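J.: The file below is start_31.tsv, TSV, C-alpha atoms (C1' of nucleotides):
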chain	number	residue	atom	x	y	z
A	1314	MET	CA	35.86	-44.67	-28.08
A	1315	ILE	CA	33.11	-42.24	-28.35
A	1316	ASN	CA	32.02	-40.71	-31.55
A	1317	MET	CA	31.34	-37.13	-30.87
A	1318	ALA	CA	30.99	-36.37	-34.53
A	1319	GLU	CA	27.42	-37.49	-34.00
A	1320	GLU	CA	25.42	-34.42	-34.80
A	1321	GLY	CA	21.91	-33.45	-35.35
A	1322	ASP	CA	20.04	-34.16	-32.19
A	1323	GLY	CA	18.05	-31.14	-31.34
A	1324	ALA	CA	19.66	-30.78	-27.95
A	1325	ARG	CA	22.40	-28.54	-29.19
A	1326	ASP	CA	21.28	-27.20	-32.49
A	1327	GLY	CA	23.66	-24.83	-34.16
A	1328	GLY	CA	26.20	-24.31	-31.45
A	1329	ARG	CA	26.33	-26.55	-28.49
A	1330	ILE	CA	26.28	-23.83	-25.89
A	1331	PRO	CA	23.27	-24.11	-23.56
A	1332	ALA	CA	21.23	-21.20	-22.30
A	1333	PRO	CA	23.30	-19.32	-19.72
A	1334	ASP	CA	20.64	-19.34	-17.01
A	1335	GLN	CA	20.12	-23.06	-17.24
A	1336	GLN	CA	23.85	-23.67	-17.25
A	1337	VAL	CA	24.34	-21.59	-14.13
A	1338	ALA	CA	21.59	-23.55	-12.43
A	1339	ASN	CA	23.22	-26.84	-13.41
A	1340	PHE	CA	26.65	-25.85	-12.17
A	1341	CYS	CA	25.22	-24.51	-8.93
A	1342	GLN	CA	23.37	-27.74	-8.35
A	1343	THR	CA	26.55	-29.68	-9.01
A	1344	ARG	CA	28.52	-27.52	-6.58
A	1345	ARG	CA	25.83	-28.03	-3.97
A	1346	ALA	CA	26.09	-31.80	-4.43
A	1347	ARG	CA	29.86	-31.59	-4.11
A	1348	ARG	CA	29.57	-29.95	-0.74
A	1349	THR	CA	27.40	-32.72	0.66
A	1350	GLU	CA	28.99	-35.80	-0.80
A	1351	ILE	CA	31.61	-36.17	1.91
A	1352	ALA	CA	28.92	-36.04	4.58
A	1353	GLU	CA	26.90	-38.62	2.70
A	1354	ASP	CA	29.88	-40.91	2.33
A	1355	TYR	CA	30.59	-40.68	6.04
A	1356	VAL	CA	27.09	-41.32	7.35
A	1357	GLU	CA	26.59	-44.15	4.89
A	1358	LEU	CA	29.83	-45.75	5.96
A	1359	ILE	CA	29.09	-45.21	9.65
A	1360	ALA	CA	25.70	-46.85	9.25
A	1361	ASP	CA	27.30	-49.80	7.49
A	1362	LEU	CA	29.92	-50.22	10.18
A	1363	ILE	CA	27.35	-50.05	12.96
A	1364	ASP	CA	25.07	-52.53	11.23
A	1365	SER	CA	27.79	-55.01	10.48
A	1366	GLY	CA	30.12	-54.68	13.43
A	1367	GLY	CA	28.11	-52.98	16.14
A	1368	GLU	CA	30.13	-49.81	16.26
A	1369	ALA	CA	31.89	-47.24	14.12
A	1370	ARG	CA	35.32	-46.21	15.24
A	1371	ALA	CA	37.37	-43.43	13.70
A	1372	VAL	CA	40.16	-45.81	12.89
A	1373	ASP	CA	37.82	-48.10	10.95
A	1374	ILE	CA	36.39	-45.22	8.98
A	1375	ALA	CA	39.90	-44.06	8.17
A	1376	ARG	CA	40.91	-47.50	6.99
A	1377	ARG	CA	37.81	-47.84	4.83
A	1378	LEU	CA	38.17	-44.44	3.24
A	1379	GLY	CA	41.91	-44.70	2.76
A	1380	VAL	CA	42.50	-41.50	4.66
A	1381	SER	CA	44.41	-40.55	7.79
A	1382	HIS	CA	42.64	-40.83	11.11
A	1383	ALA	CA	43.22	-37.14	11.78
A	1384	THR	CA	41.18	-36.27	8.73
A	1385	VAL	CA	38.39	-38.49	10.00
A	1386	ILE	CA	38.40	-36.93	13.47
A	1387	LYS	CA	38.20	-33.46	12.00
A	1388	THR	CA	35.42	-34.41	9.62
A	1389	ILE	CA	33.45	-36.10	12.37
A	1390	GLY	CA	33.67	-32.84	14.27
A	1391	ARG	CA	32.08	-31.03	11.36
A	1392	LEU	CA	29.39	-33.66	11.04
A	1393	GLN	CA	28.66	-33.30	14.73
A	1394	ARG	CA	28.50	-29.53	14.38
A	1395	ASP	CA	26.02	-30.06	11.53
A	1396	GLY	CA	23.92	-32.40	13.63
A	1397	LEU	CA	24.44	-35.59	11.66
A	1398	VAL	CA	26.54	-37.44	14.18
A	1399	VAL	CA	26.86	-37.84	17.92
A	1400	SER	CA	30.16	-38.69	19.55
A	1401	LYS	CA	31.73	-38.23	22.91
A	1402	PRO	CA	35.49	-38.01	23.38
A	1403	TYR	CA	37.24	-41.37	23.14
A	1404	ARG	CA	33.96	-43.15	22.41
A	1405	SER	CA	32.79	-44.58	19.15
A	1406	ILE	CA	30.57	-42.69	16.74
A	1407	PHE	CA	26.80	-42.73	16.41
A	1408	LEU	CA	24.33	-41.21	14.02
A	1409	SER	CA	21.76	-38.65	15.04
A	1410	ASP	CA	18.23	-39.05	13.76
A	1411	ALA	CA	19.01	-36.73	10.89
A	1412	GLY	CA	22.20	-38.66	10.23
A	1413	ARG	CA	20.35	-41.93	10.20
A	1414	ARG	CA	17.78	-40.61	7.78
A	1415	LEU	CA	20.51	-39.29	5.50
A	1416	ALA	CA	22.38	-42.58	5.74
A	1417	GLU	CA	19.32	-44.58	4.81
A	1418	TRP	CA	18.55	-42.35	1.89
A	1419	SER	CA	22.15	-42.45	0.68
A	1420	ARG	CA	22.34	-46.15	1.11
A	1421	SER	CA	19.20	-46.89	-0.85
A	1422	ARG	CA	20.28	-44.52	-3.59
A	1423	HIS	CA	23.71	-46.13	-3.65
A	1424	ASP	CA	22.24	-49.61	-3.89
A	1425	LEU	CA	19.88	-48.62	-6.66
A	1426	VAL	CA	22.70	-47.07	-8.68
A	1427	VAL	CA	24.75	-50.23	-8.29
A	1428	LYS	CA	21.84	-52.42	-9.32
A	1429	PHE	CA	21.17	-50.25	-12.30
A	1430	LEU	CA	24.77	-50.34	-13.49
A	1431	LEU	CA	24.79	-54.11	-13.14
A	1432	ALA	CA	21.52	-54.26	-15.07
A	1433	ILE	CA	23.01	-52.48	-18.07
A	1434	GLY	CA	25.98	-54.82	-18.11
A	1435	VAL	CA	28.66	-53.12	-16.07
A	1436	SER	CA	30.93	-55.46	-14.09
A	1437	GLU	CA	30.55	-55.80	-10.33
A	1438	GLU	CA	33.82	-54.06	-9.65
A	1439	THR	CA	33.21	-51.08	-11.88
A	1440	ALA	CA	29.61	-50.80	-10.77
A	1441	HIS	CA	30.68	-50.36	-7.19
A	1442	ALA	CA	33.50	-48.01	-8.05
A	1443	ASP	CA	31.44	-45.75	-10.30
A	1444	ALA	CA	28.43	-45.77	-8.01
A	1445	GLU	CA	30.58	-44.34	-5.26
A	1446	GLY	CA	31.07	-41.17	-7.22
A	1447	MET	CA	27.90	-41.05	-9.30
A	1448	GLU	CA	25.39	-41.54	-6.53
A	1449	HIS	CA	25.75	-38.02	-5.20
A	1450	HIS	CA	24.73	-36.50	-8.51
A	1451	VAL	CA	21.72	-38.62	-9.37
A	1452	SER	CA	18.48	-36.71	-8.92
A	1453	PRO	CA	15.25	-38.36	-7.79
A	1454	GLU	CA	13.93	-38.16	-11.32
A	1455	THR	CA	16.91	-40.03	-12.73
A	1456	LEU	CA	16.74	-42.46	-9.86
A	1457	ALA	CA	13.15	-43.18	-10.80
A	1458	ALA	CA	14.21	-43.78	-14.38
A	1459	PHE	CA	16.85	-46.22	-13.12
A	1460	GLU	CA	14.21	-48.06	-11.14
A	1461	ARG	CA	11.83	-48.20	-14.09
A	1462	HIS	CA	14.54	-49.63	-16.24
A	1463	ILE	CA	15.36	-52.34	-13.72
A	1464	GLN	CA	11.68	-53.28	-13.44
A	1465	ARG	CA	11.22	-53.31	-17.17
A	1466	GLN	CA	14.21	-55.53	-17.64
A	1467	ARG	CA	13.06	-57.82	-14.89
A	1468	SER	CA	9.63	-58.34	-16.44
A	1469	ASN	CA	11.03	-58.76	-19.93
A	1470	GLY	CA	13.26	-61.55	-18.68
B	338	MET	CA	44.44	-57.08	15.69
B	339	ILE	CA	42.02	-55.94	13.15
B	340	ASN	CA	39.09	-58.09	13.96
B	341	MET	CA	36.90	-57.17	11.07
B	342	ALA	CA	33.91	-59.18	12.10
B	343	GLU	CA	33.21	-59.69	8.49
B	344	GLU	CA	30.45	-62.23	8.81
B	345	GLY	CA	27.63	-61.51	6.51
B	346	ASP	CA	24.81	-60.16	8.49
B	347	GLY	CA	22.21	-60.65	5.91
B	348	ALA	CA	21.03	-57.09	5.68
B	349	ARG	CA	21.68	-57.31	1.99
B	350	ASP	CA	22.77	-60.09	-0.24
B	351	GLY	CA	25.87	-61.39	1.43
B	352	GLY	CA	26.29	-58.54	3.90
B	353	ARG	CA	26.50	-55.08	2.50
B	354	ILE	CA	29.91	-54.14	3.82
B	355	PRO	CA	32.40	-54.50	0.98
B	356	ALA	CA	35.90	-55.85	1.28
B	357	PRO	CA	38.06	-53.13	2.85
B	358	ASP	CA	40.67	-53.10	0.11
B	359	GLN	CA	38.14	-52.70	-2.62
B	360	GLN	CA	36.36	-49.99	-0.71
B	361	VAL	CA	39.56	-48.02	-0.22
B	362	ALA	CA	40.23	-48.30	-3.94
B	363	ASN	CA	36.75	-47.03	-4.75
B	364	PHE	CA	36.96	-44.06	-2.43
B	365	CYS	CA	40.41	-43.17	-3.68
B	366	GLN	CA	39.20	-43.27	-7.25
B	367	THR	CA	36.29	-41.03	-6.32
B	368	ARG	CA	38.59	-38.56	-4.58
B	369	ARG	CA	40.83	-38.53	-7.62
B	370	ALA	CA	37.84	-37.73	-9.83
B	371	ARG	CA	36.81	-34.96	-7.46
B	372	ARG	CA	40.17	-33.29	-7.85
B	373	THR	CA	39.90	-33.18	-11.62
B	374	GLU	CA	36.27	-32.31	-12.16
B	375	ILE	CA	36.76	-28.56	-11.84
B	376	ALA	CA	39.49	-28.66	-14.47
B	377	GLU	CA	37.25	-30.71	-16.74
B	378	ASP	CA	34.36	-28.31	-16.30
B	379	TYR	CA	36.57	-25.37	-17.16
B	380	VAL	CA	38.22	-26.76	-20.28
B	381	GLU	CA	34.92	-28.08	-21.54
B	382	LEU	CA	33.30	-24.70	-21.06
B	383	ILE	CA	36.26	-22.87	-22.58
B	384	ALA	CA	36.10	-25.10	-25.65
B	385	ASP	CA	32.39	-24.45	-25.96
B	386	LEU	CA	32.83	-20.70	-25.67
B	387	ILE	CA	35.61	-20.66	-28.25
B	388	ASP	CA	33.65	-22.80	-30.66
B	389	SER	CA	30.48	-20.82	-30.38
B	390	GLY	CA	31.70	-17.30	-29.89
B	391	GLY	CA	35.29	-17.27	-31.05
B	392	GLU	CA	36.84	-16.58	-27.66
B	393	ALA	CA	36.66	-17.44	-23.99
B	394	ARG	CA	36.80	-14.54	-21.59
B	395	ALA	CA	37.01	-14.84	-17.83
B	396	VAL	CA	33.84	-12.85	-17.40
B	397	ASP	CA	31.91	-15.24	-19.65
B	398	ILE	CA	33.18	-18.26	-17.80
B	399	ALA	CA	32.21	-16.64	-14.52
B	400	ARG	CA	28.72	-15.90	-15.76
B	401	ARG	CA	28.26	-19.43	-17.07
B	402	LEU	CA	29.50	-21.08	-13.91
B	403	GLY	CA	27.65	-18.75	-11.59
B	404	VAL	CA	30.85	-17.84	-9.80
B	405	SER	CA	32.75	-14.61	-9.20
B	406	HIS	CA	35.29	-13.52	-11.79
B	407	ALA	CA	38.05	-13.58	-9.19
B	408	THR	CA	37.47	-17.27	-8.67
B	409	VAL	CA	37.74	-17.82	-12.42
B	410	ILE	CA	40.99	-15.85	-12.69
B	411	LYS	CA	42.53	-17.83	-9.88
B	412	THR	CA	41.41	-21.14	-11.32
B	413	ILE	CA	42.68	-20.23	-14.77
B	414	GLY	CA	46.05	-19.60	-13.15
B	415	ARG	CA	46.04	-23.11	-11.76
B	416	LEU	CA	45.01	-24.56	-15.10
B	417	GLN	CA	47.84	-22.68	-16.76
B	418	ARG	CA	50.26	-23.94	-14.15
B	419	ASP	CA	49.02	-27.44	-14.94
B	420	GLY	CA	49.48	-26.95	-18.64
B	421	LEU	CA	45.86	-27.12	-19.72
B	422	VAL	CA	45.38	-23.50	-20.66
B	423	VAL	CA	47.35	-20.65	-22.18
B	424	SER	CA	46.59	-17.06	-21.34
B	425	LYS	CA	48.43	-13.78	-21.34
B	426	PRO	CA	47.50	-10.92	-19.03
B	427	TYR	CA	44.37	-9.06	-20.09
B	428	ARG	CA	43.90	-11.43	-23.03
B	429	SER	CA	41.28	-14.07	-23.53
B	430	ILE	CA	41.90	-17.67	-22.72
B	431	PHE	CA	43.04	-20.51	-24.95
B	432	LEU	CA	43.47	-24.21	-24.52
B	433	SER	CA	46.81	-25.94	-24.79
B	434	ASP	CA	47.01	-29.18	-26.74
B	435	ALA	CA	46.54	-31.13	-23.54
B	436	GLY	CA	43.64	-28.88	-22.62
B	437	ARG	CA	42.02	-29.37	-25.99
B	438	ARG	CA	42.35	-33.13	-25.72
B	439	LEU	CA	40.85	-33.09	-22.24
B	440	ALA	CA	38.05	-30.80	-23.41
B	441	GLU	CA	37.18	-33.08	-26.29
B	442	TRP	CA	37.18	-36.11	-24.12
B	443	SER	CA	35.05	-34.41	-21.46
B	444	ARG	CA	32.68	-33.06	-24.03
B	445	SER	CA	32.10	-36.39	-25.72
B	446	ARG	CA	31.61	-38.06	-22.37
B	447	HIS	CA	29.22	-35.34	-21.31
B	448	ASP	CA	27.19	-35.65	-24.48
B	449	LEU	CA	27.00	-39.41	-24.19
B	450	VAL	CA	25.81	-39.22	-20.60
B	451	VAL	CA	23.11	-36.75	-21.61
B	452	LYS	CA	22.01	-38.92	-24.51
B	453	PHE	CA	21.90	-41.94	-22.28
B	454	LEU	CA	19.79	-40.22	-19.64
B	455	LEU	CA	17.39	-39.04	-22.32
B	456	ALA	CA	17.26	-42.59	-23.70
B	457	ILE	CA	16.08	-44.01	-20.40
B	458	GLY	CA	13.36	-41.42	-20.11
B	459	VAL	CA	14.83	-38.59	-18.09
B	460	SER	CA	13.64	-35.10	-19.03
B	461	GLU	CA	15.87	-32.74	-20.99
B	462	GLU	CA	16.33	-30.43	-18.04
B	463	THR	CA	17.23	-33.10	-15.52
B	464	ALA	CA	19.42	-34.93	-18.01
B	465	HIS	CA	21.57	-31.86	-18.47
B	466	ALA	CA	21.64	-31.06	-14.77
B	467	ASP	CA	22.55	-34.58	-13.64
B	468	ALA	CA	25.05	-35.12	-16.43
B	469	GLU	CA	26.99	-32.10	-15.21
B	470	GLY	CA	27.78	-33.88	-11.98
B	471	MET	CA	27.71	-37.51	-13.04
B	472	GLU	CA	30.01	-37.27	-16.04
B	473	HIS	CA	33.15	-36.98	-13.95
B	474	HIS	CA	32.52	-40.29	-12.26
B	475	VAL	CA	31.59	-42.44	-15.23
B	476	SER	CA	34.35	-44.85	-16.14
B	477	PRO	CA	35.09	-45.93	-19.70
B	478	GLU	CA	33.50	-49.29	-18.99
B	479	THR	CA	30.26	-47.69	-17.88
B	480	LEU	CA	30.38	-45.28	-20.78
B	481	ALA	CA	30.64	-48.25	-23.12
B	482	ALA	CA	27.60	-49.77	-21.44
B	483	PHE	CA	25.74	-46.49	-21.94
B	484	GLU	CA	26.64	-46.53	-25.61
B	485	ARG	CA	25.59	-50.15	-26.03
B	486	HIS	CA	22.27	-49.36	-24.45
B	487	ILE	CA	21.65	-46.45	-26.77
B	488	GLN	CA	22.51	-48.56	-29.79
B	489	ARG	CA	20.30	-51.40	-28.64
B	490	GLN	CA	17.41	-49.08	-28.09
B	491	ARG	CA	17.93	-47.47	-31.45
B	492	SER	CA	17.83	-50.77	-33.30
B	493	ASN	CA	14.85	-52.06	-31.33
B	494	GLY	CA	12.92	-48.99	-32.37
C	287	DT	C1'	49.23	-52.89	39.06
C	288	DG	C1'	51.61	-50.94	35.61
C	289	DC	C1'	52.85	-50.21	31.19
C	290	DA	C1'	52.89	-50.96	25.91
C	291	DG	C1'	50.56	-50.28	22.13
C	292	DG	C1'	46.54	-49.04	19.77
C	293	DT	C1'	43.05	-45.32	19.53
C	294	DT	C1'	41.74	-40.75	19.87
C	295	DG	C1'	42.55	-35.94	19.94
C	296	DT	C1'	45.30	-31.54	18.87
C	297	DA	C1'	48.26	-28.48	16.40
C	298	DG	C1'	49.76	-26.76	12.46
C	299	DC	C1'	50.82	-27.09	7.67
C	300	DC	C1'	49.14	-27.05	2.64
C	301	DA	C1'	46.12	-26.65	-1.68
C	302	DT	C1'	41.64	-25.81	-3.39
C	303	DG	C1'	37.74	-23.19	-4.40
C	304	DG	C1'	34.76	-19.88	-2.85
C	305	DC	C1'	34.11	-14.68	-1.63
C	306	DT	C1'	34.66	-9.17	-1.37
C	307	DA	C1'	37.16	-5.08	-2.11
C	308	DC	C1'	40.24	-2.57	-4.53
C	309	DA	C1'	43.62	-1.63	-8.35
C	310	DT	C1'	44.92	-1.80	-13.02
C	311	DT	C1'	44.36	-2.25	-17.92
C	312	DT	C1'	41.80	-2.16	-22.16
C	313	DG	C1'	39.08	-0.46	-25.58
C	314	DC	C1'	35.25	2.23	-27.11
C	315	DT	C1'	33.23	6.68	-27.76
C	316	DC	C1'	33.22	11.25	-28.12
D	1413	DG	C1'	43.43	12.05	-27.19
D	1414	DA	C1'	40.77	11.89	-22.87
D	1415	DG	C1'	37.61	9.73	-20.24
D	1416	DC	C1'	34.78	6.10	-18.83
D	1417	DA	C1'	32.85	1.53	-18.40
D	1418	DA	C1'	33.93	-3.04	-18.54
D	1419	DA	C1'	37.24	-6.58	-18.06
D	1420	DT	C1'	41.13	-8.27	-15.75
D	1421	DG	C1'	44.18	-8.80	-12.01
D	1422	DT	C1'	45.60	-8.67	-6.90
D	1423	DA	C1'	45.09	-9.06	-2.00
D	1424	DG	C1'	43.29	-11.10	1.64
D	1425	DC	C1'	39.65	-13.50	3.94
D	1426	DC	C1'	37.15	-18.09	4.90
D	1427	DA	C1'	35.84	-23.23	5.01
D	1428	DT	C1'	37.00	-27.71	3.47
D	1429	DG	C1'	39.60	-31.70	3.22
D	1430	DG	C1'	43.95	-33.55	2.98
D	1431	DC	C1'	48.56	-34.48	5.63
D	1432	DT	C1'	52.34	-35.25	9.59
D	1433	DA	C1'	53.84	-35.00	14.20
D	1434	DC	C1'	52.98	-35.15	18.72
D	1435	DA	C1'	50.06	-35.56	23.03
D	1436	DA	C1'	46.64	-37.80	25.72
D	1437	DC	C1'	43.83	-41.57	26.79
D	1438	DC	C1'	42.27	-46.37	27.41
D	1439	DT	C1'	42.81	-51.29	27.87
D	1440	DG	C1'	44.52	-55.87	27.95
D	1441	DC	C1'	47.96	-58.59	29.58
D	1442	DA	C1'	52.01	-59.89	31.97
Here is a file; write its structure as structure tokens.

T.:
Amino acid sequence: MINMAEEGDGARDGGRIPAPDQQVANFCQTRRARRTEIAEDYVELIADLIDSGGEARAVDIARRLGVSHATVIKTIGRLQRDGLVVSKPYRSIFLSDAGRRLAEWSRSRHDLVVKFLLAIGVSEETAHADAEGMEHHVSPETLAAFERHIQRQRSNG
Amino acid sequence: MINMAEEGDGARDGGRIPAPDQQVANFCQTRRARRTEIAEDYVELIADLIDSGGEARAVDIARRLGVSHATVIKTIGRLQRDGLVVSKPYRSIFLSDAGRRLAEWSRSRHDLVVKFLLAIGVSEETAHADAEGMEHHVSPETLAAFERHIQRQRSNG
DNA sequence: TGCAGGTTGTAGCCATGGCTACATTTGCTC
DNA sequence: GAGCAAATGTAGCCATGGCTACAACCTGCA
């Protein structure tokens, strides 16, 4: 349980409501992240499938995501429209250069989040589960803090 | 049939492709969280507005979220349908018992995530921004790890 | 060679979460 | 008490991300 009766840090002195402008900015940033997380999940998964099995097929993506194949086909169409993916009818799916860059970025961020969660004592299973959702909302600054923490812990034994 | 060539190509420790079943579970959990995060944002914000200003009006919510008032009205309708909110036409908005419970839970989780990010050296601004998106994907286990870390740091000076 | 079954694609449905434009209601001020 | 500005509500549009059902395509094997 979490004790939210914990008062007195200066972050929300006298009324916890933040400044409206800042709050708008935060929510807008979050909405922006929400719009891109599906794309990131897809390109990351496609890259993984290609690296480990040689190709990414719609049916494999569907099985991995736990989603119908029709959903995958439609989403792949959008990704292609957005220039992240290349696919020809009835052939398997490839990443464009932009898609590959995004996949590599997503993948490294994902891995760092997992490592960080493990480093602070989260179980393997939960680390992977939580990372899947968290990764899309972790800014470079926070990512850097994660990395620092891992390094610090490593050097301290 | 499904020849998951699951041999570890050593890209990462033990091959980075996870077991399919676990991956499906992770993605499903993430999708579940995505469906509830808007509701959580709303009830949290409504609770904040009520606590700090006495009432929550649609126009205030809209201004805080950076969204049109029509979007807010429609969403409030869904929240009411789902039993999280009570509102009568042309009146301000209140939380049901369930809504209040959800708001308190979301709020405490939010605050803990912010505190944790600050504790590992993230700036105030980024901590608040990232927490807004991350909070919805942090499991109780990870939250507990966050709390442990804060405690540990506090006692170590 | 042909066909059965798996894979891919298409069509059409639904809910969500955005938006603009317009209509209605409220409440304050004069 | 009338009028006006602000708040609320309604209608209708769009894209996204789900789904099922059905159609088309490819391929391996008998």

J.: Quick one: everything within 10 Å of segment 375-382 of chain B, counting all atoms listed in the file, minus sequence neighbours fewer than 3 positions away in the same chain. Send it as a PDB file with C-alpha atoms (C1' of nucleotides), in the coordinates of the input.

T.:
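After the write, selection26.pdb holds the following:
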ATOM      1  CA  ILE A1330      26.280 -23.830 -25.890  1.00  0.00           C
ATOM      2  CA  PHE A1340      26.650 -25.850 -12.170  1.00  0.00           C
ATOM      3  CA  ARG A1344      28.520 -27.520  -6.580  1.00  0.00           C
TER       4      ARG A1344
ATOM      5  CA  ALA B 370      37.840 -37.730  -9.830  1.00  0.00           C
ATOM      6  CA  ARG B 371      36.810 -34.960  -7.460  1.00  0.00           C
ATOM      7  CA  ARG B 372      40.170 -33.290  -7.850  1.00  0.00           C
ATOM      8  CA  ASP B 385      32.390 -24.450 -25.960  1.00  0.00           C
ATOM      9  CA  LEU B 386      32.830 -20.700 -25.670  1.00  0.00           C
ATOM     10  CA  ILE B 387      35.610 -20.660 -28.250  1.00  0.00           C
ATOM     11  CA  ASP B 388      33.650 -22.800 -30.660  1.00  0.00           C
ATOM     12  CA  ALA B 393      36.660 -17.440 -23.990  1.00  0.00           C
ATOM     13  CA  ASP B 397      31.910 -15.240 -19.650  1.00  0.00           C
ATOM     14  CA  ILE B 398      33.180 -18.260 -17.800  1.00  0.00           C
ATOM     15  CA  ARG B 401      28.260 -19.430 -17.070  1.00  0.00           C
ATOM     16  CA  LEU B 402      29.500 -21.080 -13.910  1.00  0.00           C
ATOM     17  CA  VAL B 409      37.740 -17.820 -12.420  1.00  0.00           C
ATOM     18  CA  THR B 412      41.410 -21.140 -11.320  1.00  0.00           C
ATOM     19  CA  ILE B 413      42.680 -20.230 -14.770  1.00  0.00           C
ATOM     20  CA  ARG B 415      46.040 -23.110 -11.760  1.00  0.00           C
ATOM     21  CA  LEU B 416      45.010 -24.560 -15.100  1.00  0.00           C
ATOM     22  CA  ASP B 419      49.020 -27.440 -14.940  1.00  0.00           C
ATOM     23  CA  LEU B 421      45.860 -27.120 -19.720  1.00  0.00           C
ATOM     24  CA  VAL B 422      45.380 -23.500 -20.660  1.00  0.00           C
ATOM     25  CA  PHE B 431      43.040 -20.510 -24.950  1.00  0.00           C
ATOM     26  CA  LEU B 432      43.470 -24.210 -24.520  1.00  0.00           C
ATOM     27  CA  SER B 433      46.810 -25.940 -24.790  1.00  0.00           C
ATOM     28  CA  ALA B 435      46.540 -31.130 -23.540  1.00  0.00           C
ATOM     29  CA  GLY B 436      43.640 -28.880 -22.620  1.00  0.00           C
ATOM     30  CA  ARG B 437      42.020 -29.370 -25.990  1.00  0.00           C
ATOM     31  CA  ARG B 438      42.350 -33.130 -25.720  1.00  0.00           C
ATOM     32  CA  LEU B 439      40.850 -33.090 -22.240  1.00  0.00           C
ATOM     33  CA  ALA B 440      38.050 -30.800 -23.410  1.00  0.00           C
ATOM     34  CA  GLU B 441      37.180 -33.080 -26.290  1.00  0.00           C
ATOM     35  CA  TRP B 442      37.180 -36.110 -24.120  1.00  0.00           C
ATOM     36  CA  SER B 443      35.050 -34.410 -21.460  1.00  0.00           C
ATOM     37  CA  ARG B 444      32.680 -33.060 -24.030  1.00  0.00           C
ATOM     38  CA  SER B 445      32.100 -36.390 -25.720  1.00  0.00           C
ATOM     39  CA  HIS B 447      29.220 -35.340 -21.310  1.00  0.00           C
ATOM     40  CA  GLU B 469      26.990 -32.100 -15.210  1.00  0.00           C
ATOM     41  CA  GLY B 470      27.780 -33.880 -11.980  1.00  0.00           C
ATOM     42  CA  GLU B 472      30.010 -37.270 -16.040  1.00  0.00           C
ATOM     43  CA  HIS B 473      33.150 -36.980 -13.950  1.00  0.00           C
TER      44      HIS B 473
ATOM     45  C1'  DG C 303      37.740 -23.190  -4.400  1.00  0.00           C
TER      46       DG C 303
END

J.: Counting all atoms listed in the file, select every polymer residue within 9 Å of (44.0, -9.1, -11.2) as defined in the file's coordinates, and provide the selection as number ranges by chain.

T.: B: 407, 410-411, 426-427; C: 309-310; D: 1420-1422

J.: Residues of chain B within 7 Å of chain A, counting all atoms listed in the file, what are they? List them as a PyMOL selection string.

T.: chain B and resi 342+346+354+357+360-361+363-365+367+385+389+401-403+445+457-459+466-467+469-471+474-476+478-479+482

J.: How many Å separate atom CA of Ala384 of chain B from atom CA of Phe453 of chain B?

T.: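 It comes out at 22.3 Å.
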
J.: Expressed in Å to a single decimal, how great is the separation between atom CA of Glu461 of chain B and atom CA of Arg446 of chain B?

T.: 16.7 Å

J.: Would you please work out which residue, of C:DC305, C:DC314, C:DC299, C:DA290, is nearest to chain B when using all atoms listed in the file?

T.: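 Under the stated criterion, the closest residue is C:DC305.
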
J.: What gap, in Å, lies between atom C1' of DC1438 of chain D and atom C1' of DC289 of chain C?

T.: 11.9 Å
